[in-house]
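Printed here is upload_8.pdb (PDB, C-alpha atoms):
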MODEL        1
ATOM      1  CA  MET B   4      27.668   7.080   6.029  1.00  0.00           C
ATOM      2  CA  LYS B   5      26.744  10.469   7.515  1.00  0.00           C
ATOM      3  CA  ARG B   6      25.378  11.800   4.228  1.00  0.00           C
ATOM      4  CA  PRO B   7      22.553   9.213   3.745  1.00  0.00           C
ATOM      5  CA  ILE B   8      21.516   9.644   7.385  1.00  0.00           C
ATOM      6  CA  ALA B   9      21.420  13.428   6.971  1.00  0.00           C
ATOM      7  CA  ILE B  10      19.360  13.142   3.772  1.00  0.00           C
ATOM      8  CA  ALA B  11      16.928  10.726   5.434  1.00  0.00           C
ATOM      9  CA  LEU B  12      16.596  13.067   8.430  1.00  0.00           C
ATOM     10  CA  ILE B  13      15.931  16.117   6.217  1.00  0.00           C
ATOM     11  CA  LEU B  14      13.312  14.195   4.195  1.00  0.00           C
ATOM     12  CA  THR B  15      11.611  12.997   7.383  1.00  0.00           C
ATOM     13  CA  VAL B  16      11.451  16.530   8.811  1.00  0.00           C
ATOM     14  CA  CYS B  17      10.112  17.978   5.534  1.00  0.00           C
ATOM     15  CA  LEU B  18       7.476  15.253   5.120  1.00  0.00           C
ATOM     16  CA  SER B  19       6.421  15.612   8.757  1.00  0.00           C
ATOM     17  CA  ALA B  20       6.063  19.385   8.426  1.00  0.00           C
ATOM     18  CA  TYR B  21       4.052  18.905   5.233  1.00  0.00           C
ATOM     19  CA  ALA B  22       1.790  16.355   6.930  1.00  0.00           C
ATOM     20  CA  ILE B  23       1.140  18.695   9.859  1.00  0.00           C
ATOM     21  CA  LEU B  24       0.406  21.692   7.626  1.00  0.00           C
ATOM     22  CA  ALA B  25      -1.617  19.847   4.970  1.00  0.00           C
ATOM     23  CA  PRO B  26      -5.334  20.715   4.990  1.00  0.00           C
ATOM     24  CA  ASN B  27      -6.535  17.127   4.450  1.00  0.00           C
ATOM     25  CA  ARG B  28      -5.683  13.872   6.153  1.00  0.00           C
ATOM     26  CA  THR B  29      -2.573  12.607   4.419  1.00  0.00           C
ATOM     27  CA  LEU B  30      -1.239   9.949   6.808  1.00  0.00           C
ATOM     28  CA  GLY B  31      -2.783   6.609   7.603  1.00  0.00           C
ATOM     29  CA  TYR B  32      -2.132   3.289   9.270  1.00  0.00           C
ATOM     30  CA  GLY B  33      -3.831  -0.019   8.700  1.00  0.00           C
ATOM     31  CA  ALA B  34      -3.762  -3.766   8.304  1.00  0.00           C
ATOM     32  CA  SER B  35      -4.248  -6.200   5.438  1.00  0.00           C
ATOM     33  CA  LEU B  36      -4.688  -9.893   4.757  1.00  0.00           C
ATOM     34  CA  SER B  37      -3.452 -11.578   1.569  1.00  0.00           C
ATOM     35  CA  GLY B  38      -2.733 -14.920  -0.024  1.00  0.00           C
ATOM     36  CA  SER B  39      -0.056 -15.830  -2.553  1.00  0.00           C
ATOM     37  CA  SER B  40       1.065 -18.478  -5.008  1.00  0.00           C
ATOM     38  CA  SER B  41       3.792 -19.544  -2.565  1.00  0.00           C
ATOM     39  CA  ALA B  42       1.054 -21.112  -0.389  1.00  0.00           C
ATOM     40  CA  THR B  43       1.308 -18.534   2.372  1.00  0.00           C
ATOM     41  CA  VAL B  44      -1.237 -16.409   4.140  1.00  0.00           C
ATOM     42  CA  ASP B  45       0.179 -12.991   4.948  1.00  0.00           C
ATOM     43  CA  ALA B  46      -0.950 -10.294   7.358  1.00  0.00           C
ATOM     44  CA  SER B  47       0.564  -6.834   7.027  1.00  0.00           C
ATOM     45  CA  LEU B  48       0.796  -3.681   9.081  1.00  0.00           C
ATOM     46  CA  ASN B  49       0.656  -0.701   6.736  1.00  0.00           C
ATOM     47  CA  LEU B  50       1.557   2.983   6.680  1.00  0.00           C
ATOM     48  CA  ARG B  51       0.290   5.326   3.967  1.00  0.00           C
ATOM     49  CA  HIS B  52       1.280   8.876   3.056  1.00  0.00           C
ATOM     50  CA  THR B  53      -0.695  10.752   0.422  1.00  0.00           C
ATOM     51  CA  LEU B  54       1.670  13.287  -1.094  1.00  0.00           C
ATOM     52  CA  LEU B  55      -0.827  15.562  -2.871  1.00  0.00           C
ATOM     53  CA  ASN B  56      -4.595  15.458  -2.566  1.00  0.00           C
ATOM     54  CA  LEU B  57      -5.588  15.918  -6.209  1.00  0.00           C
ATOM     55  CA  PRO B  58      -8.888  14.960  -7.885  1.00  0.00           C
ATOM     56  CA  VAL B  59      -7.032  12.793 -10.439  1.00  0.00           C
ATOM     57  CA  LEU B  60      -3.610  11.102 -10.481  1.00  0.00           C
ATOM     58  CA  THR B  61      -3.042  11.415  -6.721  1.00  0.00           C
ATOM     59  CA  PRO B  62       0.416  10.121  -5.688  1.00  0.00           C
ATOM     60  CA  SER B  63       1.018   8.320  -2.404  1.00  0.00           C
ATOM     61  CA  LEU B  64       3.614   6.159  -0.676  1.00  0.00           C
ATOM     62  CA  ASP B  65       2.755   2.862   1.014  1.00  0.00           C
ATOM     63  CA  TYR B  66       4.936   0.913   3.434  1.00  0.00           C
ATOM     64  CA  SER B  67       4.167  -2.455   4.997  1.00  0.00           C
ATOM     65  CA  LEU B  68       5.683  -5.004   7.351  1.00  0.00           C
ATOM     66  CA  THR B  69       4.516  -8.509   6.424  1.00  0.00           C
ATOM     67  CA  LEU B  70       3.960 -11.413   8.791  1.00  0.00           C
ATOM     68  CA  SER B  71       3.673 -14.769   7.041  1.00  0.00           C
ATOM     69  CA  SER B  72       2.050 -18.038   8.030  1.00  0.00           C
ATOM     70  CA  SER B  73       3.333 -21.114   6.220  1.00  0.00           C
ATOM     71  CA  VAL B  74       4.352 -24.699   6.914  1.00  0.00           C
ATOM     72  CA  ASP B  75       7.377 -23.370   8.836  1.00  0.00           C
ATOM     73  CA  GLY B  76       5.127 -21.407  11.204  1.00  0.00           C
ATOM     74  CA  LEU B  77       4.635 -17.692  11.737  1.00  0.00           C
ATOM     75  CA  HIS B  78       7.538 -15.377  10.909  1.00  0.00           C
ATOM     76  CA  ILE B  79       8.281 -11.842   9.727  1.00  0.00           C
ATOM     77  CA  ARG B  80       8.478 -12.183   5.960  1.00  0.00           C
ATOM     78  CA  GLY B  81       9.740  -8.763   4.930  1.00  0.00           C
ATOM     79  CA  ILE B  82       8.987  -5.151   4.163  1.00  0.00           C
ATOM     80  CA  ARG B  83       7.415  -3.525   1.136  1.00  0.00           C
ATOM     81  CA  ALA B  84       7.619   0.051  -0.147  1.00  0.00           C
ATOM     82  CA  GLN B  85       5.349   1.152  -3.005  1.00  0.00           C
ATOM     83  CA  ALA B  86       4.582   4.315  -4.925  1.00  0.00           C
ATOM     84  CA  SER B  87       0.882   4.452  -5.767  1.00  0.00           C
ATOM     85  CA  LEU B  88      -1.165   6.538  -8.165  1.00  0.00           C
ATOM     86  CA  THR B  89      -4.912   6.964  -7.635  1.00  0.00           C
ATOM     87  CA  LEU B  90      -6.338   7.329 -11.133  1.00  0.00           C
ATOM     88  CA  PHE B  91      -9.540   9.247 -10.258  1.00  0.00           C
ATOM     89  CA  ARG B  92     -12.229   9.628  -7.578  1.00  0.00           C
ATOM     90  CA  THR B  93     -15.974   9.515  -8.053  1.00  0.00           C
ATOM     91  CA  LEU B  94     -18.960   9.383  -5.715  1.00  0.00           C
ATOM     92  CA  GLU B  95     -21.200   8.198  -8.566  1.00  0.00           C
ATOM     93  CA  HIS B  96     -20.446   4.485  -8.786  1.00  0.00           C
ATOM     94  CA  PRO B  97     -22.550   1.296  -8.741  1.00  0.00           C
ATOM     95  CA  MET B  98     -20.959   0.017  -5.511  1.00  0.00           C
ATOM     96  CA  ARG B  99     -22.354   2.675  -3.162  1.00  0.00           C
ATOM     97  CA  PHE B 100     -23.750  -0.107  -0.968  1.00  0.00           C
ATOM     98  CA  VAL B 101     -20.218  -0.930   0.302  1.00  0.00           C
ATOM     99  CA  ALA B 102     -20.467   1.477   3.256  1.00  0.00           C
ATOM    100  CA  VAL B 103     -23.097   3.469   5.116  1.00  0.00           C
ATOM    101  CA  ASN B 104     -21.281   6.777   4.651  1.00  0.00           C
ATOM    102  CA  PRO B 105     -20.679   8.250   1.185  1.00  0.00           C
ATOM    103  CA  THR B 106     -17.623   6.577  -0.339  1.00  0.00           C
ATOM    104  CA  ALA B 107     -15.561   7.574  -3.330  1.00  0.00           C
ATOM    105  CA  TRP B 108     -14.479   4.845  -5.721  1.00  0.00           C
ATOM    106  CA  SER B 109     -10.801   5.514  -6.386  1.00  0.00           C
ATOM    107  CA  PRO B 110      -8.961   2.789  -8.350  1.00  0.00           C
ATOM    108  CA  GLU B 111      -5.205   2.811  -7.947  1.00  0.00           C
ATOM    109  CA  ILE B 112      -2.064   1.239  -9.404  1.00  0.00           C
ATOM    110  CA  SER B 113       1.133   0.642  -7.417  1.00  0.00           C
ATOM    111  CA  ALA B 114       4.729  -0.279  -8.108  1.00  0.00           C
ATOM    112  CA  GLY B 115       7.527  -0.803  -5.640  1.00  0.00           C
ATOM    113  CA  LEU B 116      10.054  -3.052  -3.963  1.00  0.00           C
ATOM    114  CA  ASP B 117       9.379  -6.085  -1.795  1.00  0.00           C
ATOM    115  CA  TYR B 118      12.319  -7.063   0.438  1.00  0.00           C
ATOM    116  CA  ARG B 119      11.978 -10.536   1.922  1.00  0.00           C
ATOM    117  CA  PHE B 120      14.406 -11.369   4.693  1.00  0.00           C
ATOM    118  CA  ARG B 121      14.993 -14.954   3.496  1.00  0.00           C
ATOM    119  CA  GLN B 122      14.850 -14.410  -0.283  1.00  0.00           C
ATOM    120  CA  GLY B 123      16.056 -10.946  -1.255  1.00  0.00           C
ATOM    121  CA  THR B 124      14.516  -8.060  -3.188  1.00  0.00           C
ATOM    122  CA  PHE B 125      11.706  -8.229  -5.761  1.00  0.00           C
ATOM    123  CA  TRP B 126       9.727  -5.727  -7.833  1.00  0.00           C
ATOM    124  CA  VAL B 127       6.003  -5.679  -7.123  1.00  0.00           C
ATOM    125  CA  LEU B 128       3.093  -4.375  -9.219  1.00  0.00           C
ATOM    126  CA  GLU B 129      -0.418  -4.122  -7.768  1.00  0.00           C
ATOM    127  CA  ALA B 130      -3.840  -3.120  -9.108  1.00  0.00           C
ATOM    128  CA  LYS B 131      -6.349  -1.807  -6.573  1.00  0.00           C
ATOM    129  CA  VAL B 132      -9.566  -1.793  -8.589  1.00  0.00           C
ATOM    130  CA  PHE B 133     -11.920  -2.037  -5.602  1.00  0.00           C
ATOM    131  CA  LYS B 134     -10.559   0.849  -3.521  1.00  0.00           C
ATOM    132  CA  PHE B 135     -13.029   3.086  -1.704  1.00  0.00           C
ATOM    133  CA  GLU B 136     -12.304   6.219   0.317  1.00  0.00           C
ATOM    134  CA  GLU B 137     -14.241   7.891   3.101  1.00  0.00           C
ATOM    135  CA  ARG B 138     -13.257  10.933   5.105  1.00  0.00           C
ATOM    136  CA  ASP B 139     -11.503   8.829   7.777  1.00  0.00           C
ATOM    137  CA  PHE B 140     -10.934   5.426   6.159  1.00  0.00           C
ATOM    138  CA  ILE B 141      -9.731   3.703   3.003  1.00  0.00           C
ATOM    139  CA  TYR B 142     -11.069   0.250   2.119  1.00  0.00           C
ATOM    140  CA  GLU B 143      -9.403  -1.975  -0.475  1.00  0.00           C
ATOM    141  CA  TRP B 144     -10.780  -5.353  -1.590  1.00  0.00           C
ATOM    142  CA  VAL B 145      -9.436  -8.105  -3.868  1.00  0.00           C
ATOM    143  CA  CYS B 146      -6.260  -6.389  -5.125  1.00  0.00           C
ATOM    144  CA  PRO B 147      -4.142  -8.631  -7.391  1.00  0.00           C
ATOM    145  CA  TYR B 148      -0.365  -8.265  -7.295  1.00  0.00           C
ATOM    146  CA  VAL B 149       2.634  -9.846  -8.974  1.00  0.00           C
ATOM    147  CA  CYS B 150       6.276  -9.966  -7.813  1.00  0.00           C
ATOM    148  CA  PHE B 151       9.107 -10.087 -10.331  1.00  0.00           C
ATOM    149  CA  SER B 152      12.799 -10.781  -9.947  1.00  0.00           C
ATOM    150  CA  THR B 153      14.883  -7.599  -9.970  1.00  0.00           C
ATOM    151  CA  THR B 154      15.712  -8.206 -13.638  1.00  0.00           C
ATOM    152  CA  PHE B 155      11.986  -8.572 -14.585  1.00  0.00           C
ATOM    153  CA  ARG B 156      12.866 -11.857 -16.317  1.00  0.00           C
ATOM    154  CA  GLU B 157      10.640 -14.128 -14.241  1.00  0.00           C
ATOM    155  CA  VAL B 158       7.570 -13.967 -12.046  1.00  0.00           C
ATOM    156  CA  ASP B 159       8.497 -14.987  -8.530  1.00  0.00           C
ATOM    157  CA  GLU B 160       5.048 -14.856  -6.987  1.00  0.00           C
ATOM    158  CA  TRP B 161       1.536 -13.626  -7.553  1.00  0.00           C
ATOM    159  CA  GLY B 162      -1.295 -13.167  -5.123  1.00  0.00           C
ATOM    160  CA  ILE B 163      -4.356 -11.268  -3.992  1.00  0.00           C
ATOM    161  CA  THR B 164      -4.676  -8.853  -1.133  1.00  0.00           C
ATOM    162  CA  LEU B 165      -8.085  -9.905   0.121  1.00  0.00           C
ATOM    163  CA  MET B 166      -8.697  -6.805   2.219  1.00  0.00           C
ATOM    164  CA  ARG B 167      -6.819  -3.757   3.433  1.00  0.00           C
ATOM    165  CA  PHE B 168      -8.246  -1.212   5.866  1.00  0.00           C
ATOM    166  CA  THR B 169      -6.506   2.112   6.438  1.00  0.00           C
ATOM    167  CA  CYS B 170      -7.441   4.621   9.127  1.00  0.00           C
ATOM    168  CA  LEU B 171      -6.479   8.197   8.203  1.00  0.00           C
ATOM    169  CA  ILE B 172      -5.035  10.495  10.859  1.00  0.00           C
TER     170      ILE B 172
ENDMDL
END
In C-alpha cells, what does this structure look like?
Amino acid sequence: MKRPIAIALILTVCLSAYAILAPNRTLGYGASLSGSSSATVDASLNLRHTLLNLPVLTPSLDYSLTLSSSVDGLHIRGIRAQASLTLFRTLEHPMRFVAVNPTAWSPEISAGLDYRFRQGTFWVLEAKVFKFEERDFIYEWVCPYVCFSTTFREVDEWGITLMRFTCLI
C-alpha cells in the first residue's frame, strides 16, 4: 500500500515542478455541459494538464467530475480521466469569427476511462473537432463521444459534449 502512494506522490511533485517551470500555460480548469443516450444531462468540472506544448501532436491529460441530472434527480455520476492528442494548430481557419481575439483551431482526439459510481468502469473515446485555443482559454463545441464496456464488445452510451470552457493558469 505504501508503494502506490509513494509513486503517486513522486509523480505529483514532478508534474507540479514541471508546471511551475514550463514557459507556457500548461494547467487549466473549466466546466462543460453534455447530453447522452442514457437520457441524462451532465455538467462537469474539468482539470487539464498539457504535457508538452508542441505545434503538432500535443499530448495532454484531462480529468473531470461529472454531475448528472436524470429522473432520479441530481447526483454525482462519476469521474473521467482521458489522454488527449491535439493533432495540429492553425490560425488560418474559416471559423475565425468564433472569438474576438485570435484563436487557433486545434482538433483533438481523446481516449480514457470513465468510472461511474453506480455502474462501474467504461472506456471512452472522444473527438473534439471544434476546439479553439486562445492565450488564456480553450473553447470546445459539439464534441461527440462514445463509451464502451471494458471488453470493447458493446457500446454502453454515446453523447455530445455541447460546450466545454477551460481557463488556463
Please tell me which residues are no farther than 9 Å from (-4.9, -3.8, 9.2) in the file, counting all atoms listed in the file, and write them as a list in words.
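Residues satisfying the cut-off, written out: Tyr32, Gly33, Ala34, Ser35, Leu36, Ala46, Ser47, Leu48, Asn49, Met166, Arg167, Phe168, Thr169 and Cys170 of chain B.
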For this structure, which residues satisfy the selection - the PyMOL selection byres ((chain B and resi 92) around 6) - when it is evaluated on the file as given? I want them as a PyMOL selection string.
chain B and resi 91+93+107-109
Run the PyMOL selection byres ((chain B and resi 81) around 10) on the file and write out the hits as a ChimeraX atom specification.
/B:47,67-71,78-80,82-83,117-124
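Distances from B:Ser113, B:Ser40, B:Thr15, B:Thr29 to Trp161 of chain B were compared using only C-alpha atoms, and the smallest one belongs to B:Ser40.
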Could you expand the PyMOL selection byres ((chain B and resi 165) around 10) into the explicit residues it covers here, written as a PDB file with C-alpha atoms, in the frame of the given file?
ATOM      1  CA  SER B  35      -4.248  -6.200   5.438  1.00  0.00           C
ATOM      2  CA  LEU B  36      -4.688  -9.893   4.757  1.00  0.00           C
ATOM      3  CA  SER B  37      -3.452 -11.578   1.569  1.00  0.00           C
ATOM      4  CA  GLY B  38      -2.733 -14.920  -0.024  1.00  0.00           C
ATOM      5  CA  GLU B 143      -9.403  -1.975  -0.475  1.00  0.00           C
ATOM      6  CA  TRP B 144     -10.780  -5.353  -1.590  1.00  0.00           C
ATOM      7  CA  VAL B 145      -9.436  -8.105  -3.868  1.00  0.00           C
ATOM      8  CA  CYS B 146      -6.260  -6.389  -5.125  1.00  0.00           C
ATOM      9  CA  PRO B 147      -4.142  -8.631  -7.391  1.00  0.00           C
ATOM     10  CA  GLY B 162      -1.295 -13.167  -5.123  1.00  0.00           C
ATOM     11  CA  ILE B 163      -4.356 -11.268  -3.992  1.00  0.00           C
ATOM     12  CA  THR B 164      -4.676  -8.853  -1.133  1.00  0.00           C
ATOM     13  CA  MET B 166      -8.697  -6.805   2.219  1.00  0.00           C
ATOM     14  CA  ARG B 167      -6.819  -3.757   3.433  1.00  0.00           C
TER      15      ARG B 167
END
How would segment 101-129 of chain B read, as a JSON list (two decimals), keeping the file's coordinate frame, once N, CA and C atoms are built in?
[["chain", "number", "residue", "atom", "x", "y", "z"],
["B", 101, "VAL", "N", -21.36, -0.41, -0.44],
["B", 101, "VAL", "CA", -20.22, -0.93, 0.30],
["B", 101, "VAL", "C", -20.17, -0.38, 1.73],
["B", 102, "ALA", "N", -20.54, 0.87, 1.93],
["B", 102, "ALA", "CA", -20.47, 1.48, 3.26],
["B", 102, "ALA", "C", -21.69, 2.35, 3.49],
["B", 103, "VAL", "N", -21.96, 2.62, 4.75],
["B", 103, "VAL", "CA", -23.10, 3.47, 5.12],
["B", 103, "VAL", "C", -22.83, 4.92, 4.72],
["B", 104, "ASN", "N", -21.65, 5.41, 5.00],
["B", 104, "ASN", "CA", -21.28, 6.78, 4.65],
["B", 104, "ASN", "C", -20.99, 6.88, 3.16],
["B", 105, "PRO", "N", -21.05, 8.08, 2.60],
["B", 105, "PRO", "CA", -20.68, 8.25, 1.18],
["B", 105, "PRO", "C", -19.21, 7.85, 0.97],
["B", 106, "THR", "N", -18.98, 7.02, -0.03],
["B", 106, "THR", "CA", -17.62, 6.58, -0.34],
["B", 106, "THR", "C", -17.30, 6.94, -1.78],
["B", 107, "ALA", "N", -16.05, 7.28, -1.98],
["B", 107, "ALA", "CA", -15.56, 7.57, -3.33],
["B", 107, "ALA", "C", -14.84, 6.34, -3.85],
["B", 108, "TRP", "N", -15.21, 5.92, -5.05],
["B", 108, "TRP", "CA", -14.48, 4.84, -5.72],
["B", 108, "TRP", "C", -13.23, 5.47, -6.30],
["B", 109, "SER", "N", -12.06, 4.91, -5.97],
["B", 109, "SER", "CA", -10.80, 5.51, -6.39],
["B", 109, "SER", "C", -9.79, 4.42, -6.75],
["B", 110, "PRO", "N", -9.90, 3.84, -7.95],
["B", 110, "PRO", "CA", -8.96, 2.79, -8.35],
["B", 110, "PRO", "C", -7.52, 3.31, -8.39],
["B", 111, "GLU", "N", -6.60, 2.40, -8.12],
["B", 111, "GLU", "CA", -5.20, 2.81, -7.95],
["B", 111, "GLU", "C", -4.28, 1.73, -8.50],
["B", 112, "ILE", "N", -3.13, 2.16, -9.00],
["B", 112, "ILE", "CA", -2.06, 1.24, -9.40],
["B", 112, "ILE", "C", -0.83, 1.54, -8.56],
["B", 113, "SER", "N", -0.04, 0.49, -8.27],
["B", 113, "SER", "CA", 1.13, 0.64, -7.42],
["B", 113, "SER", "C", 2.31, -0.12, -8.00],
["B", 114, "ALA", "N", 3.48, 0.40, -7.75],
["B", 114, "ALA", "CA", 4.73, -0.28, -8.11],
["B", 114, "ALA", "C", 5.73, -0.02, -7.00],
["B", 115, "GLY", "N", 6.55, -1.01, -6.70],
["B", 115, "GLY", "CA", 7.53, -0.80, -5.64],
["B", 115, "GLY", "C", 8.45, -1.98, -5.46],
["B", 116, "LEU", "N", 9.09, -2.01, -4.31],
["B", 116, "LEU", "CA", 10.05, -3.05, -3.96],
["B", 116, "LEU", "C", 9.55, -3.85, -2.78],
["B", 117, "ASP", "N", 9.75, -5.17, -2.86],
["B", 117, "ASP", "CA", 9.38, -6.08, -1.80],
["B", 117, "ASP", "C", 10.66, -6.76, -1.33],
["B", 118, "TYR", "N", 11.11, -6.44, -0.10],
["B", 118, "TYR", "CA", 12.32, -7.06, 0.44],
["B", 118, "TYR", "C", 11.90, -8.16, 1.40],
["B", 119, "ARG", "N", 12.26, -9.39, 1.06],
["B", 119, "ARG", "CA", 11.98, -10.54, 1.92],
["B", 119, "ARG", "C", 13.26, -10.96, 2.60],
["B", 120, "PHE", "N", 13.20, -11.10, 3.91],
["B", 120, "PHE", "CA", 14.41, -11.37, 4.69],
["B", 120, "PHE", "C", 15.11, -12.66, 4.28],
["B", 121, "ARG", "N", 14.38, -13.66, 3.85],
["B", 121, "ARG", "CA", 14.99, -14.95, 3.50],
["B", 121, "ARG", "C", 15.29, -15.11, 2.01],
["B", 122, "GLN", "N", 14.73, -14.20, 1.16],
["B", 122, "GLN", "CA", 14.85, -14.41, -0.28],
["B", 122, "GLN", "C", 15.47, -13.26, -1.06],
["B", 123, "GLY", "N", 15.49, -12.07, -0.53],
["B", 123, "GLY", "CA", 16.06, -10.95, -1.25],
["B", 123, "GLY", "C", 15.01, -9.94, -1.69],
["B", 124, "THR", "N", 15.35, -9.16, -2.73],
["B", 124, "THR", "CA", 14.52, -8.06, -3.19],
["B", 124, "THR", "C", 13.79, -8.41, -4.48],
["B", 125, "PHE", "N", 12.53, -7.98, -4.59],
["B", 125, "PHE", "CA", 11.71, -8.23, -5.76],
["B", 125, "PHE", "C", 10.93, -6.96, -6.11],
["B", 126, "TRP", "N", 10.62, -6.80, -7.39],
["B", 126, "TRP", "CA", 9.73, -5.73, -7.83],
["B", 126, "TRP", "C", 8.30, -6.20, -7.64],
["B", 127, "VAL", "N", 7.41, -5.30, -7.29],
["B", 127, "VAL", "CA", 6.00, -5.68, -7.12],
["B", 127, "VAL", "C", 5.11, -4.67, -7.85],
["B", 128, "LEU", "N", 4.11, -5.19, -8.56],
["B", 128, "LEU", "CA", 3.09, -4.38, -9.22],
["B", 128, "LEU", "C", 1.74, -4.80, -8.66],
["B", 129, "GLU", "N", 0.88, -3.82, -8.37],
["B", 129, "GLU", "CA", -0.42, -4.12, -7.77],
["B", 129, "GLU", "C", -1.51, -3.26, -8.39]]
